[in-house]
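What follows is a single structure, written as structure tokens, with notes after it.
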Amino acid sequence: MMREKLKVILKREGDKHKDIFGVERVDEFDGVSYRYGNSETPLCPSRSEVVYPKVGTNKSGEKKFVVNLGNETIQGVRIELCVRNDKCTFSELFPSGYSTKCIQKYIYKKLLALGEEDKTVVEEFRLPSCCSCFVTGPENAR
């Protein structure tokens, strides 16, 4: 039902948002490994994939339908997810009293969504962007 409604709205609006559709690419190599070889080990393992959101929560906390109908009206977004949310790799090599943790980081990505009065609107949606290692020092080091 929502799919049909979105098709009607997009047809009525024409090519207004044609440039927003497409699919982001997931490279086999990340930037560092590609330049320096594959001998690096990430402190926080992650996996990349392309997702095609149908519903999302915008920056204002409102649930919105994302325009993702397939073919020429598709919005594929590359995300990166932490494989684990515990200690970073090589954490045992940090000085005594220091602790590490892999933490999921997020960005806001602009996507075309269904707005009020049956019109499309570009909204920002929170999506996972990378996995980072955070280090906490000993309490007495402050």
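Labels for the structure tokens follow display order: chains A, B, ..., residues from 1 in each chain, ligands from 1.
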
Interface rows for segment 92-136 of chain A against segment 7-13 of chain A: nearest pair, Å to one decimal, 8 Å, only C-alpha atoms, as a Markdown table:
```
| residue | atom | partner | partner_atom | distance |
| --- | --- | --- | --- | --- |
| A:Asp118 | CA | A:Ile9 | CA | 6.8 |
| A:Lys119 | CA | A:Ile9 | CA | 6.6 |
| A:Thr120 | CA | A:Ile9 | CA | 7.5 |
```

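Excluding segment 82-92 of chain A itself and any same-chain residue fewer than 3 positions from it, the protein and nucleic acid residues within 6 Å of it, counting only C-alpha atoms, are A:Leu43, A:Cys44, A:Pro45, A:Ser46, A:Thr100, A:Lys101, A:Cys102, A:Gln104, A:Cys131, A:Cys133.
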
Selected residues, C-alpha atoms, written as a PDB file, in the first residue's frame, please.
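The result, written out as result_10.pdb:
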```
ATOM      1  CA  LEU A  43      41.992  -2.291  16.440  1.00  0.00           C
ATOM      2  CA  CYS A  44      38.239  -2.814  16.086  1.00  0.00           C
ATOM      3  CA  PRO A  45      37.099  -5.339  13.472  1.00  0.00           C
ATOM      4  CA  SER A  46      34.138  -4.220  11.392  1.00  0.00           C
ATOM      5  CA  THR A 100      39.913  -0.079  25.676  1.00  0.00           C
ATOM      6  CA  LYS A 101      36.541  -0.547  24.057  1.00  0.00           C
ATOM      7  CA  CYS A 102      35.265  -0.770  20.474  1.00  0.00           C
ATOM      8  CA  GLN A 104      30.016   2.059  17.056  1.00  0.00           C
ATOM      9  CA  CYS A 131      33.891   1.248  14.557  1.00  0.00           C
ATOM     10  CA  CYS A 133      38.724   2.101  19.545  1.00  0.00           C
TER      11      CYS A 133
END
```

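Rounded to one decimal, atom CA of Val23 of chain A and atom CA of Ile74 of chain A lie 7.1 Å from each other.
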
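Here the DSSP assignment of alpha helix (DSSP H), based on backbone atoms, applies within chain A to Met2, Arg3, Glu4, Lys5, Leu6, Lys7, Val8, Ile9, Leu10, Lys11, Arg12, Glu13, Gly31, Val32, Ser33, Tyr34, Arg35 and Tyr36 of chain A.
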
Dump as a PDB file, in the first residue's frame, selection limited to N, CA and C atoms:
```
ATOM      1  N   MET A   2       1.851   1.330   0.925  1.00  0.00           N
ATOM      2  CA  MET A   2       2.735   2.496   0.988  1.00  0.00           C
ATOM      3  C   MET A   2       3.577   2.574  -0.283  1.00  0.00           C
ATOM      4  N   ARG A   3       3.980   1.437  -0.793  1.00  0.00           N
ATOM      5  CA  ARG A   3       4.779   1.381  -2.018  1.00  0.00           C
ATOM      6  C   ARG A   3       4.034   2.034  -3.185  1.00  0.00           C
ATOM      7  N   GLU A   4       2.768   1.712  -3.324  1.00  0.00           N
ATOM      8  CA  GLU A   4       1.958   2.283  -4.407  1.00  0.00           C
ATOM      9  C   GLU A   4       1.783   3.786  -4.228  1.00  0.00           C
ATOM     10  N   LYS A   5       1.598   4.203  -2.986  1.00  0.00           N
ATOM     11  CA  LYS A   5       1.447   5.630  -2.687  1.00  0.00           C
ATOM     12  C   LYS A   5       2.724   6.390  -3.076  1.00  0.00           C
ATOM     13  N   LEU A   6       3.886   5.825  -2.738  1.00  0.00           N
ATOM     14  CA  LEU A   6       5.153   6.458  -3.081  1.00  0.00           C
ATOM     15  C   LEU A   6       5.352   6.543  -4.592  1.00  0.00           C
ATOM     16  N   LYS A   7       4.951   5.504  -5.314  1.00  0.00           N
ATOM     17  CA  LYS A   7       5.065   5.521  -6.779  1.00  0.00           C
ATOM     18  C   LYS A   7       4.249   6.664  -7.378  1.00  0.00           C
ATOM     19  N   VAL A   8       3.034   6.867  -6.870  1.00  0.00           N
ATOM     20  CA  VAL A   8       2.164   7.947  -7.364  1.00  0.00           C
ATOM     21  C   VAL A   8       2.799   9.305  -7.077  1.00  0.00           C
ATOM     22  N   ILE A   9       3.314   9.480  -5.872  1.00  0.00           N
ATOM     23  CA  ILE A   9       3.931  10.750  -5.479  1.00  0.00           C
ATOM     24  C   ILE A   9       5.157  11.036  -6.341  1.00  0.00           C
ATOM     25  N   LEU A  10       6.007  10.033  -6.561  1.00  0.00           N
ATOM     26  CA  LEU A  10       7.208  10.223  -7.376  1.00  0.00           C
ATOM     27  C   LEU A  10       6.863  10.559  -8.820  1.00  0.00           C
ATOM     28  N   LYS A  11       5.831   9.920  -9.332  1.00  0.00           N
ATOM     29  CA  LYS A  11       5.401  10.203 -10.706  1.00  0.00           C
ATOM     30  C   LYS A  11       4.921  11.651 -10.820  1.00  0.00           C
ATOM     31  N   ARG A  12       4.166  12.096  -9.807  1.00  0.00           N
ATOM     32  CA  ARG A  12       3.650  13.470  -9.795  1.00  0.00           C
ATOM     33  C   ARG A  12       4.792  14.484  -9.700  1.00  0.00           C
ATOM     34  N   GLU A  13       5.825  14.173  -8.918  1.00  0.00           N
ATOM     35  CA  GLU A  13       6.937  15.110  -8.721  1.00  0.00           C
ATOM     36  C   GLU A  13       7.944  15.084  -9.861  1.00  0.00           C
ATOM     37  N   GLY A  31      40.825   2.265   2.615  1.00  0.00           N
ATOM     38  CA  GLY A  31      41.855   3.173   2.134  1.00  0.00           C
ATOM     39  C   GLY A  31      43.261   2.834   2.592  1.00  0.00           C
ATOM     40  N   VAL A  32      43.444   2.435   3.840  1.00  0.00           N
ATOM     41  CA  VAL A  32      44.772   2.172   4.375  1.00  0.00           C
ATOM     42  C   VAL A  32      45.348   0.897   3.786  1.00  0.00           C
ATOM     43  N   SER A  33      44.591  -0.191   3.796  1.00  0.00           N
ATOM     44  CA  SER A  33      45.089  -1.461   3.287  1.00  0.00           C
ATOM     45  C   SER A  33      45.441  -1.366   1.814  1.00  0.00           C
ATOM     46  N   TYR A  34      44.666  -0.608   1.077  1.00  0.00           N
ATOM     47  CA  TYR A  34      44.893  -0.475  -0.357  1.00  0.00           C
ATOM     48  C   TYR A  34      46.231   0.215  -0.624  1.00  0.00           C
ATOM     49  N   ARG A  35      46.557   1.211   0.179  1.00  0.00           N
ATOM     50  CA  ARG A  35      47.795   1.971  -0.041  1.00  0.00           C
ATOM     51  C   ARG A  35      49.037   1.244   0.474  1.00  0.00           C
ATOM     52  N   TYR A  36      48.909   0.537   1.596  1.00  0.00           N
ATOM     53  CA  TYR A  36      50.090  -0.011   2.262  1.00  0.00           C
ATOM     54  C   TYR A  36      50.151  -1.533   2.292  1.00  0.00           C
TER      55      TYR A  36
END
```

Mind checking which residues fall within 9 Å of Gly97 of chain A, counting only C-alpha atoms, ignoring those fewer than 3 positions away in the same chain, and posting them as JSON, numbers by chain? {"A": [94, 136, 137, 138, 139]}

Output the selection as a PDB file, in the first residue's frame - all heavy atoms for each residue.
```pdb
ATOM      1  N   PHE A  94      48.523  -2.199  26.069  1.00  0.00           N
ATOM      2  CA  PHE A  94      48.454  -0.857  26.638  1.00  0.00           C
ATOM      3  C   PHE A  94      49.022  -0.880  28.056  1.00  0.00           C
ATOM      4  O   PHE A  94      48.998  -1.910  28.724  1.00  0.00           O
ATOM      5  CB  PHE A  94      47.001  -0.358  26.667  1.00  0.00           C
ATOM      6  CG  PHE A  94      46.499   0.107  25.328  1.00  0.00           C
ATOM      7  CD1 PHE A  94      46.003  -0.786  24.392  1.00  0.00           C
ATOM      8  CD2 PHE A  94      46.528   1.455  24.998  1.00  0.00           C
ATOM      9  CE1 PHE A  94      45.557  -0.367  23.162  1.00  0.00           C
ATOM     10  CE2 PHE A  94      46.077   1.892  23.766  1.00  0.00           C
ATOM     11  CZ  PHE A  94      45.593   0.979  22.842  1.00  0.00           C
ATOM     12  N   THR A 136      40.632   4.475  27.744  1.00  0.00           N
ATOM     13  CA  THR A 136      40.403   5.176  28.998  1.00  0.00           C
ATOM     14  C   THR A 136      41.622   4.975  29.879  1.00  0.00           C
ATOM     15  O   THR A 136      42.077   3.846  30.064  1.00  0.00           O
ATOM     16  CB  THR A 136      39.146   4.628  29.721  1.00  0.00           C
ATOM     17  OG1 THR A 136      38.050   4.692  28.836  1.00  0.00           O
ATOM     18  CG2 THR A 136      38.835   5.414  30.971  1.00  0.00           C
ATOM     19  N   GLY A 137      42.153   6.089  30.398  1.00  0.00           N
ATOM     20  CA  GLY A 137      43.353   6.026  31.237  1.00  0.00           C
ATOM     21  C   GLY A 137      43.011   5.765  32.690  1.00  0.00           C
ATOM     22  O   GLY A 137      41.850   5.806  33.091  1.00  0.00           O
ATOM     23  N   PRO A 138      44.039   5.499  33.469  1.00  0.00           N
ATOM     24  CA  PRO A 138      43.820   5.256  34.900  1.00  0.00           C
ATOM     25  C   PRO A 138      43.287   6.514  35.592  1.00  0.00           C
ATOM     26  O   PRO A 138      43.599   7.629  35.185  1.00  0.00           O
ATOM     27  CB  PRO A 138      45.208   4.877  35.411  1.00  0.00           C
ATOM     28  CG  PRO A 138      46.171   5.405  34.409  1.00  0.00           C
ATOM     29  CD  PRO A 138      45.439   5.455  33.099  1.00  0.00           C
ATOM     30  N   GLU A 139      42.485   6.325  36.592  1.00  0.00           N
ATOM     31  CA  GLU A 139      41.868   7.445  37.312  1.00  0.00           C
ATOM     32  C   GLU A 139      42.910   8.389  37.907  1.00  0.00           C
ATOM     33  O   GLU A 139      42.721   9.593  37.927  1.00  0.00           O
ATOM     34  CB  GLU A 139      40.963   6.917  38.448  1.00  0.00           C
ATOM     35  CG  GLU A 139      39.739   6.176  37.940  1.00  0.00           C
ATOM     36  CD  GLU A 139      38.829   7.064  37.102  1.00  0.00           C
ATOM     37  OE1 GLU A 139      38.636   8.245  37.447  1.00  0.00           O
ATOM     38  OE2 GLU A 139      38.303   6.570  36.104  1.00  0.00           O
TER      39      GLU A 139
END
```

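Taking atom CA of Glu24 of chain A and atom CA of Thr41 of chain A as the two end points, the separation is 24.8 Å.
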
Have a look at A:Glu123, A:Glu72, A:Glu62, A:Glu80 and name the one nearest to Lys110 of chain A; count only C-alpha atoms. A:Glu123

Residues within 9 Å of Asn68 of chain A, please, as JSON, numbers by chain. Count only C-alpha atoms; anything in the same chain fewer than 3 positions from it doesn't count. {"A": [3, 21, 52, 53, 54, 65, 71, 73, 74, 75, 76, 112, 113]}

Among segment 39-122 of chain A, which ones does DSSP place in strand (DSSP E), written as a PyMOL selection string? chain A and resi 46-51+55-57+63-65+75-82+99-114+120-122

What lies within 7 Å of Val50 of chain A using only C-alpha atoms, ignoring chain neighbours under 3 positions off, as a PDB file with C-alpha atoms, in the first residue's frame?
```
ATOM      1  CA  VAL A  26      31.572  -1.155  -0.781  1.00  0.00           C
ATOM      2  CA  GLY A  76      21.630   2.188  -1.206  1.00  0.00           C
ATOM      3  CA  VAL A  77      23.773   3.375   1.685  1.00  0.00           C
ATOM      4  CA  ARG A  78      27.141   1.952   2.707  1.00  0.00           C
ATOM      5  CA  ILE A  79      27.347   1.297   6.445  1.00  0.00           C
TER       6      ILE A  79
END
```

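The interatomic distance for the pair atom CA of Glu116 of chain A and atom CA of Ser129 of chain A works out to 28.5 Å.
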
Ranking A:Ser96, A:Ser48, A:Gly22, A:Tyr108 by minimum distance to Leu69 of chain A and counting only C-alpha atoms, which one comes first? A:Gly22

When you count only C-alpha atoms, which of these residues is closest to Gly56 of chain A: A:Leu114, A:Val135, A:Cys130, A:Tyr98? A:Leu114

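Excluding Asn58 of chain A itself and any same-chain residue fewer than 6 positions from it, the protein and nucleic acid residues within 8 Å of it, counting only C-alpha atoms, are A:Lys64, A:Glu123, A:Glu124, A:Phe125, A:Arg126.
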
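Across A:Ile20, A:Leu93, A:Val121, A:Leu127, the tightest approach to Val51 of chain A is made by A:Leu127 when counting only C-alpha atoms.
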
Among listed residues A:Ile103, A:Leu111, A:Ser132, A:Ser60, nearest Asp19 of chain A (using only C-alpha atoms): A:Leu111
